[in-house]
Every structure is written in C-alpha cells, then in structure tokens.
file target-v4.cif (mmCIF, C-alpha atoms)
data_start
#
loop_
_atom_site.label_atom_id
_atom_site.label_comp_id
_atom_site.auth_asym_id
_atom_site.auth_seq_id
_atom_site.Cartn_x
_atom_site.Cartn_y
_atom_site.Cartn_z
CA MET D 7 0.00 0.00 0.00
CA THR D 8 1.58 3.27 -1.14
CA LYS D 9 1.83 6.39 0.98
CA ARG D 10 0.13 8.31 -1.81
CA PHE D 11 -2.90 6.04 -1.68
CA LYS D 12 -3.11 6.27 2.13
CA THR D 13 -3.10 10.07 1.97
CA GLY D 14 -5.71 10.12 -0.77
CA TYR D 15 -7.84 7.62 1.13
CA ARG D 16 -7.81 9.72 4.30
CA ILE D 17 -8.62 12.92 2.43
CA GLY D 18 -11.43 11.17 0.57
CA VAL D 19 -12.96 9.81 3.78
CA ILE D 20 -12.81 13.23 5.46
CA ILE D 21 -14.42 14.97 2.47
CA LEU D 22 -17.14 12.32 2.39
CA ALA D 23 -17.69 12.80 6.15
CA VAL D 24 -18.11 16.57 5.73
CA ILE D 25 -20.61 16.06 2.90
CA THR D 26 -22.50 13.48 4.99
CA ALA D 27 -22.74 15.85 7.97
CA MET D 28 -24.00 18.66 5.72
CA LEU D 29 -26.61 16.37 4.14
CA LEU D 30 -27.86 15.04 7.48
CA GLY D 31 -28.14 18.59 8.78
CA ALA D 32 -30.02 19.55 5.62
CA VAL D 33 -32.51 16.71 6.15
CA ILE D 34 -33.27 17.92 9.68
CA LEU D 35 -33.62 21.54 8.54
CA TRP D 36 -35.94 20.43 5.75
CA ALA D 37 -38.00 18.40 8.26
CA ILE D 38 -38.69 21.49 10.38
CA GLY D 39 -39.66 23.48 7.30
CA ALA D 40 -36.54 25.65 7.07
CA ASP D 41 -34.93 26.95 3.91
CA VAL D 42 -31.84 24.73 3.90
CA PHE D 43 -29.69 26.76 1.54
CA LYS D 44 -30.51 30.09 3.16
CA THR D 45 -29.92 28.69 6.65
CA TYR D 46 -26.47 27.36 5.78
CA LEU D 47 -25.69 30.61 3.98
CA VAL D 48 -26.59 32.67 7.08
CA ILE D 49 -24.62 30.43 9.46
CA LEU D 50 -21.47 30.25 7.35
CA THR D 51 -21.29 33.73 5.78
CA GLU D 52 -23.40 36.27 7.68
CA PRO D 53 -21.05 36.55 10.72
CA LEU D 54 -18.08 37.22 8.40
CA LYS D 55 -19.58 40.22 6.63
CA ASN D 56 -18.41 42.85 9.11
CA LYS D 57 -15.91 43.55 11.87
CA ILE D 58 -18.41 42.97 14.67
CA GLY D 59 -19.39 39.55 13.36
CA VAL D 60 -15.80 38.33 12.91
CA THR D 61 -14.77 39.48 16.39
CA GLU D 62 -17.82 37.83 17.94
CA VAL D 63 -16.79 34.57 16.30
CA LEU D 64 -13.26 35.02 17.67
CA LEU D 65 -14.76 35.78 21.08
CA ARG D 66 -16.44 32.38 21.16
CA MET D 67 -13.33 30.75 19.76
CA VAL D 68 -11.31 31.66 22.88
CA PRO D 69 -13.01 29.41 25.49
CA LEU D 70 -13.61 26.69 22.90
CA THR D 71 -9.89 26.55 22.08
CA ILE D 72 -8.74 26.47 25.70
CA ILE D 73 -11.24 23.81 26.77
CA ALA D 74 -10.53 21.67 23.69
CA LEU D 75 -6.80 21.79 24.45
CA GLY D 76 -7.52 20.44 27.94
CA ILE D 77 -9.79 17.75 26.53
CA THR D 78 -6.98 16.75 24.18
CA VAL D 79 -4.51 16.24 27.03
CA ALA D 80 -6.96 13.98 28.84
CA TYR D 81 -8.02 12.05 25.72
CA ARG D 82 -4.43 11.49 24.58
CA SER D 83 -3.69 10.12 28.05
CA GLY D 84 -6.48 7.56 27.92
CA ILE D 85 -9.15 9.33 29.96
CA ILE D 86 -12.25 11.07 28.61
CA ASN D 87 -13.15 14.34 30.31
CA ILE D 88 -16.85 15.18 30.05
CA GLY D 89 -16.64 17.40 33.12
CA ALA D 90 -15.23 20.58 31.55
CA GLU D 91 -18.53 22.37 32.10
CA GLY D 92 -18.31 21.86 35.87
CA GLN D 93 -14.57 22.55 35.96
CA MET D 94 -15.17 25.83 34.13
CA ALA D 95 -17.82 26.81 36.68
CA ILE D 96 -15.50 26.08 39.61
CA GLY D 97 -12.75 28.09 37.89
CA ILE D 98 -15.13 31.04 37.62
CA LEU D 99 -15.97 30.78 41.32
CA THR D 100 -12.33 30.72 42.44
CA THR D 101 -11.45 33.62 40.13
CA THR D 102 -14.41 35.64 41.39
CA ALA D 103 -13.52 34.91 45.02
CA LEU D 104 -9.98 36.19 44.48
CA ALA D 105 -11.13 39.32 42.64
CA LEU D 106 -13.67 40.14 45.38
CA ALA D 107 -11.12 39.54 48.14
CA PHE D 108 -8.33 41.67 46.57
CA PRO D 109 -9.99 44.31 44.40
CA ASN D 110 -7.18 46.84 44.81
CA LEU D 111 -4.37 44.70 43.42
CA PRO D 112 -2.86 46.23 40.25
CA SER D 113 -3.83 44.61 36.94
CA GLY D 114 -0.36 43.20 36.35
CA VAL D 115 -0.67 41.20 39.56
CA LEU D 116 -4.41 40.52 39.77
CA ILE D 117 -4.96 39.16 36.25
CA PRO D 118 -2.29 36.40 36.34
CA PHE D 119 -3.24 35.46 39.90
CA ALA D 120 -6.94 35.36 38.98
CA ILE D 121 -6.22 33.10 36.01
CA LEU D 122 -4.04 30.95 38.25
CA ALA D 123 -6.89 30.74 40.76
CA GLY D 124 -9.21 29.57 37.98
CA ALA D 125 -6.66 26.97 36.93
CA ILE D 126 -6.31 25.69 40.50
CA GLY D 127 -10.09 25.49 40.93
CA GLY D 128 -10.53 23.58 37.66
CA ALA D 129 -7.55 21.32 38.40
CA ALA D 130 -8.93 20.45 41.84
CA TRP D 131 -12.27 19.53 40.29
CA GLY D 132 -10.48 17.50 37.62
CA PHE D 133 -8.36 15.71 40.22
CA ILE D 134 -11.44 13.98 41.70
CA PRO D 135 -12.45 11.90 38.64
CA GLY D 136 -8.76 11.41 37.75
CA PHE D 137 -8.03 9.93 41.18
CA LEU D 138 -11.19 7.80 41.12
CA LYS D 139 -10.24 6.42 37.70
CA ALA D 140 -6.57 5.81 38.48
CA LYS D 141 -6.94 4.33 41.96
CA LEU D 142 -10.43 2.83 42.09
CA GLU D 143 -11.22 2.13 38.41
CA VAL D 144 -14.35 4.33 38.60
CA SER D 145 -15.59 5.22 35.13
CA GLU D 146 -14.67 8.81 34.32
CA LEU D 147 -17.78 9.08 32.16
CA LEU D 148 -19.93 8.61 35.23
CA SER D 149 -17.86 10.65 37.69
CA THR D 150 -17.35 13.67 35.44
CA VAL D 151 -21.03 13.89 34.53
CA MET D 152 -22.07 13.67 38.19
CA LEU D 153 -19.50 16.30 39.17
CA ASN D 154 -20.97 18.62 36.55
CA TYR D 155 -24.26 18.57 38.45
CA ILE D 156 -22.53 19.17 41.78
CA ALA D 157 -20.52 22.08 40.34
CA ALA D 158 -23.69 23.60 38.87
CA GLN D 159 -25.41 23.48 42.26
CA LEU D 160 -22.37 24.97 44.03
CA TYR D 161 -22.21 27.71 41.42
CA THR D 162 -25.88 28.57 41.90
CA PHE D 163 -25.53 28.49 45.70
CA PHE D 164 -22.65 30.98 45.75
CA LEU D 165 -24.28 33.33 43.24
CA ARG D 166 -27.53 33.33 45.22
CA GLY D 167 -25.77 33.52 48.58
CA PRO D 168 -22.22 34.53 49.57
CA MET D 169 -21.32 36.13 46.21
CA LEU D 170 -24.70 37.72 45.41
CA ASP D 171 -24.47 41.30 44.21
CA PRO D 172 -25.81 43.53 47.05
CA ALA D 173 -27.66 45.57 44.43
CA GLU D 174 -29.75 42.50 43.66
CA LEU D 175 -31.29 42.71 47.13
CA THR D 176 -32.62 46.21 46.46
CA MET D 177 -33.16 46.31 42.69
CA GLY D 178 -33.84 42.62 42.08
CA SER D 179 -33.12 42.05 38.38
CA GLY D 180 -33.89 38.37 38.88
CA THR D 181 -30.53 37.20 37.54
CA PRO D 182 -28.23 35.55 40.12
CA GLN D 183 -24.86 37.23 39.72
CA SER D 184 -21.91 38.63 41.60
CA MET D 185 -21.19 42.33 41.80
CA ARG D 186 -19.26 43.91 38.94
CA LEU D 187 -15.65 42.81 39.48
CA THR D 188 -12.84 45.33 39.84
CA ARG D 189 -11.72 46.97 36.60
CA ASN D 190 -8.19 45.85 37.43
CA LEU D 191 -9.29 42.39 36.29
CA ASP D 192 -10.53 43.55 32.87
CA LEU D 193 -8.70 42.07 29.90
CA THR D 194 -7.83 44.63 27.23
CA ARG D 195 -10.24 44.93 24.31
CA PHE D 196 -7.84 45.61 21.46
CA ILE D 197 -10.23 46.43 18.59
CA LYS D 198 -12.29 49.55 19.22
CA GLY D 199 -16.05 49.06 19.19
CA THR D 200 -15.84 45.28 19.67
CA ARG D 201 -15.68 42.87 22.60
CA ILE D 202 -12.66 40.88 21.45
CA HIS D 203 -10.01 40.86 24.16
CA SER D 204 -6.43 39.79 24.84
CA GLY D 205 -7.62 36.37 25.98
CA LEU D 206 -7.35 35.41 22.29
CA PHE D 207 -3.56 35.65 22.52
CA ILE D 208 -3.58 33.63 25.74
CA ALA D 209 -5.56 30.87 23.99
CA LEU D 210 -3.10 30.78 21.07
CA ALA D 211 -0.14 30.72 23.47
CA LEU D 212 -1.70 27.81 25.36
CA ALA D 213 -2.08 25.91 22.06
CA VAL D 214 1.68 26.24 21.51
CA ILE D 215 2.37 25.14 25.10
CA ILE D 216 0.21 22.02 24.75
CA PHE D 217 1.93 21.12 21.49
CA PHE D 218 5.34 21.27 23.14
CA LEU D 219 4.10 19.49 26.26
CA LEU D 220 2.58 16.52 24.43
CA TRP D 221 5.02 16.11 21.52
CA LYS D 222 8.30 17.61 22.69
CA THR D 223 8.69 16.52 26.33
CA SER D 224 9.14 13.20 28.11
CA TYR D 225 6.06 13.92 30.25
CA GLY D 226 3.95 14.31 27.13
CA TYR D 227 5.38 11.14 25.65
CA LYS D 228 4.50 9.19 28.79
CA MET D 229 0.95 10.57 28.84
CA ARG D 230 0.43 9.67 25.18
CA ALA D 231 1.97 6.24 25.76
CA ALA D 232 -0.43 5.62 28.64
CA GLY D 233 -3.32 6.60 26.40
CA ALA D 234 -2.18 4.53 23.42
CA SER D 235 -1.71 1.27 25.34
CA GLU D 236 -1.95 1.05 29.10
CA ARG D 237 -0.46 -2.45 29.22
CA ALA D 238 2.52 -1.53 27.06
CA ALA D 239 3.08 1.67 29.05
CA ARG D 240 3.11 -0.28 32.33
CA TYR D 241 5.54 -2.78 30.83
CA GLY D 242 7.76 0.13 29.82
CA GLY D 243 7.91 1.35 33.42
CA ILE D 244 5.46 4.24 33.09
CA ASN D 245 3.38 5.00 36.17
CA VAL D 246 0.04 5.04 34.35
CA PRO D 247 -2.18 6.05 37.33
CA LYS D 248 0.09 9.03 38.04
CA TYR D 249 -0.14 10.33 34.48
CA LEU D 250 -3.89 9.77 34.35
CA ILE D 251 -4.30 12.03 37.37
CA ILE D 252 -1.88 14.64 35.99
CA ALA D 253 -3.65 14.66 32.62
CA MET D 254 -7.05 15.10 34.25
CA MET D 255 -5.77 17.94 36.43
CA ILE D 256 -4.29 19.71 33.38
CA SER D 257 -7.58 19.23 31.54
CA GLY D 258 -9.54 20.65 34.47
CA ALA D 259 -7.07 23.53 34.85
CA PHE D 260 -7.60 24.54 31.22
CA ALA D 261 -11.39 24.53 31.69
CA GLY D 262 -10.91 26.72 34.78
CA ILE D 263 -8.67 29.10 32.81
CA ALA D 264 -11.35 29.34 30.12
CA GLY D 265 -13.83 30.38 32.83
CA SER D 266 -11.43 32.98 34.25
CA ILE D 267 -10.80 34.54 30.85
CA GLU D 268 -14.50 34.51 29.99
CA ILE D 269 -15.49 36.63 32.99
CA ALA D 270 -12.37 38.83 32.88
CA GLY D 271 -12.75 39.56 29.17
CA VAL D 272 -16.49 39.41 28.44
CA HIS D 273 -18.94 39.41 31.35
CA ARG D 274 -16.84 41.16 34.01
CA ARG D 275 -18.80 39.34 36.72
CA ALA D 276 -19.89 35.80 37.59
CA ILE D 277 -23.38 35.32 36.21
CA GLU D 278 -25.73 32.37 35.85
CA GLY D 279 -25.39 30.56 32.53
CA VAL D 280 -21.99 32.07 31.78
CA THR D 281 -20.54 28.68 30.78
CA SER D 282 -22.93 28.64 27.79
CA GLY D 283 -22.33 24.95 27.11
CA TYR D 284 -18.68 25.59 26.20
CA GLY D 285 -17.62 22.58 28.26
CA PHE D 286 -19.56 20.23 25.99
CA SER D 287 -18.84 22.09 22.74
CA GLY D 288 -15.14 21.92 23.59
CA ILE D 289 -15.30 18.11 23.34
CA VAL D 290 -16.64 18.40 19.79
CA VAL D 291 -13.95 20.95 18.89
CA ALA D 292 -11.21 18.66 20.25
CA LEU D 293 -12.47 15.69 18.21
CA PHE D 294 -13.09 17.79 15.10
CA GLY D 295 -9.58 19.21 15.42
CA GLY D 296 -8.05 15.75 15.48
CA LEU D 297 -6.93 16.08 19.13
CA HIS D 298 -4.02 18.28 18.00
CA PRO D 299 -3.47 22.01 18.65
CA ALA D 300 -2.91 22.68 14.94
CA GLY D 301 -6.38 21.34 14.19
CA ILE D 302 -8.10 22.65 17.30
CA VAL D 303 -7.50 26.35 16.57
CA PRO D 304 -9.29 26.36 13.16
CA ALA D 305 -11.92 23.93 14.51
CA ALA D 306 -12.65 26.35 17.37
CA PHE D 307 -13.06 29.18 14.86
CA PHE D 308 -15.45 27.04 12.81
CA PHE D 309 -17.57 26.17 15.83
CA GLY D 310 -17.49 29.77 16.98
CA LEU D 311 -18.89 30.58 13.55
CA LEU D 312 -21.58 27.91 13.97
CA ILE D 313 -22.60 29.17 17.42
CA TYR D 314 -22.77 32.84 16.46
CA GLY D 315 -24.30 32.07 13.07
CA ALA D 316 -26.98 29.94 14.73
CA ASP D 317 -27.94 32.91 16.90
CA MET D 318 -28.46 34.92 13.72
CA THR D 319 -30.63 32.28 12.04
CA GLN D 320 -33.43 32.79 14.56
CA ARG D 321 -33.66 36.44 13.56
CA LEU D 322 -32.98 36.18 9.83
CA VAL D 323 -34.56 32.88 8.74
CA GLY D 324 -36.72 31.85 11.70
CA VAL D 325 -34.70 28.74 12.58
CA PRO D 326 -34.30 28.08 16.35
CA ALA D 327 -30.82 28.92 17.62
CA ASN D 328 -30.57 25.56 19.43
CA MET D 329 -30.38 23.89 16.01
CA VAL D 330 -26.61 24.30 16.39
CA GLN D 331 -26.76 21.66 19.13
CA VAL D 332 -28.38 19.29 16.66
CA LEU D 333 -25.63 20.03 14.15
CA GLN D 334 -23.00 19.41 16.83
CA GLY D 335 -24.59 16.05 17.62
CA ILE D 336 -24.50 15.11 13.94
CA ILE D 337 -20.87 16.15 13.69
CA ILE D 338 -19.94 14.02 16.71
CA LEU D 339 -21.58 10.96 15.15
CA VAL D 340 -19.86 11.59 11.83
CA ILE D 341 -16.47 12.11 13.54
CA VAL D 342 -16.80 8.86 15.49
CA ALA D 343 -17.76 6.96 12.33
CA THR D 344 -14.90 8.59 10.41
CA LYS D 345 -12.36 7.65 13.08
CA MET D 346 -13.56 4.04 13.00
CA ILE D 347 -13.21 3.94 9.22
CA LEU D 348 -9.73 5.49 9.23
CA ALA D 349 -8.59 3.14 12.00
CA ASN D 350 -9.64 0.03 10.04
CA PRO D 351 -6.65 -1.12 7.92
CA TYR D 352 -8.61 -4.01 6.41
CA LEU D 353 -11.23 -1.66 4.98
CA MET D 354 -8.47 0.52 3.52
CA GLN D 355 -6.89 -2.55 1.92
CA ARG D 356 -10.22 -3.64 0.42
CA VAL D 357 -10.77 -0.15 -1.02
CA GLU D 358 -7.26 -0.21 -2.51
CA THR D 359 -7.90 -3.63 -4.06
CA LYS D 360 -11.17 -2.42 -5.56
CA TRP D 361 -9.50 0.78 -6.79
CA ASN D 362 -6.74 -1.18 -8.51
CA SER D 363 -9.21 -3.60 -10.05
CA VAL D 364 -11.19 -0.74 -11.56
CA PHE D 365 -8.49 1.78 -12.48
CA GLY D 366 -5.42 -0.44 -12.60
CA LYS D 367 -6.68 -2.42 -15.60
CA SER D 368 -7.58 0.80 -17.33
CA ASP D 369 -4.01 2.05 -16.93
CA SER D 370 -2.50 -1.23 -18.17
CA THR D 371 -4.80 -1.20 -21.21
CA LYS D 372 -3.61 2.27 -22.12
CA GLU D 373 0.01 1.14 -21.83
CA VAL D 374 -0.62 -1.81 -24.21
CA GLN D 375 -2.30 0.44 -26.76
CA VAL D 376 0.62 2.83 -26.72
#
call {"tool": "encode", "arguments": {"input": "target-v4.cif", "output": "structure tokens"}}
result
Amino acid sequence: MTKRFKTGYRIGVIILAVITAMLLGAVILWAIGADVFKTYLVILTEPLKNKIGVTEVLLRMVPLTIIALGITVAYRSGIINIGAEGQMAIGILTTTALALAFPNLPSGVLIPFAILAGAIGGAAWGFIPGFLKAKLEVSELLSTVMLNYIAAQLYTFFLRGPMLDPAELTMGSGTPQSMRLTRNLDLTRFIKGTRIHSGLFIALALAVIIFFLLWKTSYGYKMRAAGASERAARYGGINVPKYLIIAMMISGAFAGIAGSIEIAGVHRRAIEGVTSGYGFSGIVVALFGGLHPAGIVPAAFFFGLLIYGADMTQRLVGVPANMVQVLQGIIILVIVATKMILANPYLMQRVETKWNSVFGKSDSTKEVQV
C-alpha cells in the first residue's frame, strides 16, 4: 500500500464525512420546514460580513480553544473528560472569590493570579475523577457527569448567597450574579467598538504550550503512551495512574482558565449561565480538530462561527438557535464513524484492491495500446 494512496484515502474519507454531515443537517432543517440553503448561507457567511461579526466569532473561539486543548490532554492520556462544564464553573468561582477579596491589586498582579486561581479550581475539580479512575477504576464518564451537576449546584448556591451582588437585594433584576468585578481584572479589548479581548492571545499561546508538552517533552510522551496502550506503558515502566491524574488535572485547569478569561474579558462578573455549554462544545472541537493544537485552533473558529451564526438564524430565517446543538450532535456521530473507518486497515486494503481492479486495468490497457 503506497503512501500516496493512504493520503488520498484519508482525504477522501474526510471529504465524504463533511458532505455526509451537511446532508444530514439539511434533512433535519428540511424536516422542520426551514430553507436549507438560506440557513447554511446565514450560518457560514453572515457573521463574516463585518468587523463585529468576525470578532464575535473570535470571542467564542477563545473558550472553545482552551477547553478543547484540555480535553486533548486527557483524551491522549487515555481518559475522557466530560466534566469541563463543571470545571469551568469552579474556575469562575475561584477567580471571582480572588477578585472580590483583593480588588485593589494592580492589573499586572491581579490578572495572572486570577487566572491561576481559575486553573487551581478547575484542576482540583479534575483531580477527583482522575483519582477515582486511576486508583479505584471508577468510570470517568460517570464521575465527570455527576461532578458537573454538583458544580452547577455549588455555582448557583454561591451566586444566590455569599457572592450575590448587594444591588440584587434592592433592585432585584432576577438574575443571580456577583457584583461587577474590579476593573483591574478587565482584559484589554484591542479592537475599538468590539468585545474581542487579549484572551485570544492567551488561547493561542496555550495551544503552543500544549503542542510542546505533548510532543516535545518526556512527560507528554509518557501521557500519550499511557493513552495509546496502558499495558505496554506499564511494561515500559510508566506510572500510568500518576499520568492519568496529571492529565485530568491539566484538563480541568484549562477549563478553569477558560472560565477565568470569559469573565475577565467578556462578562466582568460571575453570572448564571456564563458557561454557555462551552464545556460540551469543547469536546466536539477537540475531536473535530483531530486532538491536536494545529487542528483545534481552526476547529474552534469554525464552531465559533456555527454558534454565532446559529444565533443569527433565529432572527434572519426563523430557525431556532438551538439547532446548532443538533448540528453538533450530527458532527460528533460523523467524527466517530470517520475515526472508526480510518482506524480500520482491512477496509483501507479492500478499497485499494477495488480501486486497482477498476483503475489499474484501465491504466495497463492504455500502456498496451501505446
């Protein structure tokens, strides 16, 4: 089997997967009575027509990128993190607590410490399922999902109690939220008239860091080895439980950082619903990006486009904004199927045999005629 055929086969499967996802999405849009072409046109082009739209897509790309990077570390290490939503919420709480406790710290001190606090909060929440998996063989799928519910309840408790904005008691807007955090925590908005902030550069820097961690260090090699084959890693002297816990803590820390940056750059306070489902969308971005930083960054931009474009469809074509969740579900199914196809060497060999039987004879015939 030639390298050229393998490359062509992979590209062909990926193109077919994209077309399949688009067609399945079209069927669902048609079933609800939507204009399929116009809906796709709005989602994929409308946000890119002006500066505001592009920066709003980039704004959503920031938390998606950071969370997907954390998911990648966990997945490459052999543990699936479905708890990023809860880890993000805990990161927001720890960041908010620090900002409320030390509002007079200068920006140069407060911002890095606030992000660090978010990372510690997320890492602590990620440590729990990592420890349970490594030491007690508890399924991380179960533990992370359950911890999401616990984190959501803790988040609601603090926003309705200890961290409740005092103005809520007198004005009562009905939205559980903290008071407006000190301006020393605000991330710089670098394009006038938009909300895009310096967290974008932090996200890109973290992508570079994760690349070097996983592919250029011995720690990254050991984590990937543990994820590729636990038995072989143990035989090679790698402490698999240790690296499972470390990977899960890194994954949780990144979700916590995403929460810190989201409130420091966008909302400027802890508010109910601030996670916006980023913890779950980040899983899709990680898979769509091939569990590699080089793929995650453009994948995060694409899903940022989907999320913002879906918000516009409700206004412009009357399609519910939550249709993007349906599209995400379709994409997950297609990605899983695509990975199974690409990982099957026997299917690739059968396709090559069929290809040669159809086109090989044609080539040999031409050679005889010449």
call {"tool": "residues_around", "arguments": {"input": "target-v4.cif", "residues": "Val272 of chain D", "least_positions_apart": "4", "cutoff": "9 Å", "atoms": "only C-alpha atoms", "output": "MDAnalysis selection string"}}
result
chainID D and resid 65 192:193 201:203 267:268
call {"tool": "residues_near_point", "arguments": {"input": "target-v4.cif", "point": "(-13.7, 30.9, 23.7)", "cutoff": "9 Å", "atoms": "only C-alpha atoms", "output": "PDB file with C-alpha atoms, in the frame of the given file"}}
result
ATOM      1  CA  VAL D  63     -16.790  34.570  16.300  1.00  0.00           C
ATOM      2  CA  LEU D  64     -13.260  35.020  17.670  1.00  0.00           C
ATOM      3  CA  LEU D  65     -14.760  35.780  21.080  1.00  0.00           C
ATOM      4  CA  ARG D  66     -16.440  32.380  21.160  1.00  0.00           C
ATOM      5  CA  MET D  67     -13.330  30.750  19.760  1.00  0.00           C
ATOM      6  CA  VAL D  68     -11.310  31.660  22.880  1.00  0.00           C
ATOM      7  CA  PRO D  69     -13.010  29.410  25.490  1.00  0.00           C
ATOM      8  CA  LEU D  70     -13.610  26.690  22.900  1.00  0.00           C
ATOM      9  CA  THR D  71      -9.890  26.550  22.080  1.00  0.00           C
ATOM     10  CA  ILE D  72      -8.740  26.470  25.700  1.00  0.00           C
ATOM     11  CA  ILE D  73     -11.240  23.810  26.770  1.00  0.00           C
ATOM     12  CA  GLY D 205      -7.620  36.370  25.980  1.00  0.00           C
ATOM     13  CA  LEU D 206      -7.350  35.410  22.290  1.00  0.00           C
ATOM     14  CA  ALA D 209      -5.560  30.870  23.990  1.00  0.00           C
ATOM     15  CA  ALA D 264     -11.350  29.340  30.120  1.00  0.00           C
ATOM     16  CA  ILE D 267     -10.800  34.540  30.850  1.00  0.00           C
ATOM     17  CA  GLU D 268     -14.500  34.510  29.990  1.00  0.00           C
ATOM     18  CA  TYR D 284     -18.680  25.590  26.200  1.00  0.00           C
ATOM     19  CA  ALA D 306     -12.650  26.350  17.370  1.00  0.00           C
ATOM     20  CA  GLY D 310     -17.490  29.770  16.980  1.00  0.00           C
TER      21      GLY D 310
END
call {"tool": "residues_around", "arguments": {"input": "target-v4.cif", "residues": "Ile126 of chain D", "least_positions_apart": "2", "cutoff": "10 Å", "atoms": "only C-alpha atoms", "output": "PyMOL selection string"}}
result
chain D and resi 93+96-97+100-101+120-124+128-132+255-256+258-260+262-263
call {"tool": "closest_residue", "arguments": {"input": "target-v4.cif", "among": "D:Ile86, D:Ile277, D:Ile98, D:Ala300", "to": "Phe217 of chain D", "atoms": "only C-alpha atoms"}}
result
D:Ala300
call {"tool": "closest_residue", "arguments": {"input": "target-v4.cif", "among": "D:Lys139, D:Arg240, D:Arg274, D:Lys248", "to": "Arg189 of chain D", "atoms": "all atoms listed in the file"}}
result
D:Arg274
call {"tool": "residues_around", "arguments": {"input": "target-v4.cif", "residues": "Met329 of chain D", "least_positions_apart": "6", "cutoff": "12 Å", "atoms": "all atoms listed in the file", "output": "PyMOL selection string"}}
result
chain D and resi 31-32+34-35+38+40+45-46+49+312-320+335-336
call {"tool": "residues_around", "arguments": {"input": "target-v4.cif", "residues": "Gly199 of chain D", "least_positions_apart": "2", "cutoff": "12 Å", "atoms": "all atoms listed in the file", "output": "list of chain:residue names"}}
result
D:Lys57, D:Ile58, D:Gly59, D:Thr61, D:Glu62, D:Arg195, D:Phe196, D:Ile197, D:Arg201, D:Ile202, D:His203
call {"tool": "write_last_selection", "arguments": {"input": "target-v4.cif", "atoms": "C-alpha atoms", "output": "PDB file, in the frame of the given file"}}
result
ATOM      1  CA  LYS D  57     -15.910  43.550  11.870  1.00  0.00           C
ATOM      2  CA  ILE D  58     -18.410  42.970  14.670  1.00  0.00           C
ATOM      3  CA  GLY D  59     -19.390  39.550  13.360  1.00  0.00           C
ATOM      4  CA  THR D  61     -14.770  39.480  16.390  1.00  0.00           C
ATOM      5  CA  GLU D  62     -17.820  37.830  17.940  1.00  0.00           C
ATOM      6  CA  ARG D 195     -10.240  44.930  24.310  1.00  0.00           C
ATOM      7  CA  PHE D 196      -7.840  45.610  21.460  1.00  0.00           C
ATOM      8  CA  ILE D 197     -10.230  46.430  18.590  1.00  0.00           C
ATOM      9  CA  ARG D 201     -15.680  42.870  22.600  1.00  0.00           C
ATOM     10  CA  ILE D 202     -12.660  40.880  21.450  1.00  0.00           C
ATOM     11  CA  HIS D 203     -10.010  40.860  24.160  1.00  0.00           C
TER      12      HIS D 203
END
call {"tool": "resolve_selection", "arguments": {"input": "target-v4.cif", "expression": "the PyMOL selection byres ((chain D and resi 146) around 10)", "output": "PyMOL selection string"}}
result
chain D and resi 85-89+134-140+143-145+147-152+254
call {"tool": "write_last_selection", "arguments": {"input": "target-v4.cif", "atoms": "C-alpha atoms", "output": "PDB file, in the frame of the given file"}}
result
ATOM      1  CA  ILE D  85      -9.150   9.330  29.960  1.00  0.00           C
ATOM      2  CA  ILE D  86     -12.250  11.070  28.610  1.00  0.00           C
ATOM      3  CA  ASN D  87     -13.150  14.340  30.310  1.00  0.00           C
ATOM      4  CA  ILE D  88     -16.850  15.180  30.050  1.00  0.00           C
ATOM      5  CA  GLY D  89     -16.640  17.400  33.120  1.00  0.00           C
ATOM      6  CA  ILE D 134     -11.440  13.980  41.700  1.00  0.00           C
ATOM      7  CA  PRO D 135     -12.450  11.900  38.640  1.00  0.00           C
ATOM      8  CA  GLY D 136      -8.760  11.410  37.750  1.00  0.00           C
ATOM      9  CA  PHE D 137      -8.030   9.930  41.180  1.00  0.00           C
ATOM     10  CA  LEU D 138     -11.190   7.800  41.120  1.00  0.00           C
ATOM     11  CA  LYS D 139     -10.240   6.420  37.700  1.00  0.00           C
ATOM     12  CA  ALA D 140      -6.570   5.810  38.480  1.00  0.00           C
ATOM     13  CA  GLU D 143     -11.220   2.130  38.410  1.00  0.00           C
ATOM     14  CA  VAL D 144     -14.350   4.330  38.600  1.00  0.00           C
ATOM     15  CA  SER D 145     -15.590   5.220  35.130  1.00  0.00           C
ATOM     16  CA  LEU D 147     -17.780   9.080  32.160  1.00  0.00           C
ATOM     17  CA  LEU D 148     -19.930   8.610  35.230  1.00  0.00           C
ATOM     18  CA  SER D 149     -17.860  10.650  37.690  1.00  0.00           C
ATOM     19  CA  THR D 150     -17.350  13.670  35.440  1.00  0.00           C
ATOM     20  CA  VAL D 151     -21.030  13.890  34.530  1.00  0.00           C
ATOM     21  CA  MET D 152     -22.070  13.670  38.190  1.00  0.00           C
ATOM     22  CA  MET D 254      -7.050  15.100  34.250  1.00  0.00           C
TER      23      MET D 254
END
call {"tool": "atom_distance", "arguments": {"input": "target-v4.cif", "atom1": "atom CA of Ile341 of chain D", "atom2": "atom CA of Trp221 of chain D"}}
result
23.3 Å
call {"tool": "resolve_selection", "arguments": {"input": "target-v4.cif", "expression": "the PyMOL selection byres ((chain D and resi 110) around 8)", "output": "MDAnalysis selection string"}}
result
chainID D and resid 108:109 111:112 188 190
call {"tool": "axis_aligned_box", "arguments": {"input": "target-v4.cif", "around": "segment 86-98 of chain D", "padding_each_side": "3 Å", "output": "JSON"}}
result
{"center_x": -15.4, "center_y": 21.1, "center_z": 34.1, "size_x": 12.3, "size_y": 26.0, "size_z": 17.0}
call {"tool": "residues_around", "arguments": {"input": "target-v4.cif", "residues": "Leu160 of chain D", "least_positions_apart": "4", "cutoff": "12 Å", "atoms": "only C-alpha atoms", "output": "PyMOL selection string"}}
result
chain D and resi 92-93+95-100+153-156+164-169+278
call {"tool": "resolve_selection", "arguments": {"input": "target-v4.cif", "expression": "the PyMOL selection byres ((chain D and resi 8) around 12)", "output": "PyMOL selection string"}}
result
chain D and resi 7+9-15+354-355+358+362
call {"tool": "atom_distance", "arguments": {"input": "target-v4.cif", "atom1": "atom CA of Thr102 of chain D", "atom2": "atom CA of Ala213 of chain D"}}
result
24.9 Å
call {"tool": "atom_distance", "arguments": {"input": "target-v4.cif", "atom1": "atom CA of Gly271 of chain D", "atom2": "atom CA of Leu191 of chain D"}}
result
8.4 Å
call {"tool": "closest_residue", "arguments": {"input": "target-v4.cif", "among": "D:Thr162, D:Thr26, D:Gly301, D:Gly285", "to": "Thr181 of chain D", "atoms": "only C-alpha atoms"}}
result
D:Thr162
call {"tool": "decode", "arguments": {"input": "target-v4.cif", "residues": "segment 131-135 of chain D", "atoms": "N, CA, C and O atoms", "output": "short mmCIF file (atom, residue, chain, number, x, y, z; two decimals), in the first residue's frame"}}
result
data_model
loop_
_atom_site.label_atom_id
_atom_site.label_comp_id
_atom_site.auth_asym_id
_atom_site.auth_seq_id
_atom_site.Cartn_x
_atom_site.Cartn_y
_atom_site.Cartn_z
N TRP D 131 -11.04 20.24 40.69
CA TRP D 131 -12.27 19.53 40.29
C TRP D 131 -11.95 18.39 39.33
O TRP D 131 -12.64 17.38 39.30
N GLY D 132 -10.90 18.56 38.52
CA GLY D 132 -10.48 17.50 37.62
C GLY D 132 -9.74 16.38 38.33
O GLY D 132 -9.74 15.24 37.87
N PHE D 133 -9.10 16.72 39.45
CA PHE D 133 -8.36 15.71 40.22
C PHE D 133 -9.29 14.60 40.72
O PHE D 133 -8.90 13.43 40.74
N ILE D 134 -10.51 14.96 41.09
CA ILE D 134 -11.44 13.98 41.70
C ILE D 134 -11.71 12.80 40.75
O ILE D 134 -11.47 11.64 41.12
N PRO D 135 -12.22 13.05 39.53
CA PRO D 135 -12.45 11.90 38.64
C PRO D 135 -11.15 11.22 38.21
O PRO D 135 -11.13 10.01 37.97
#
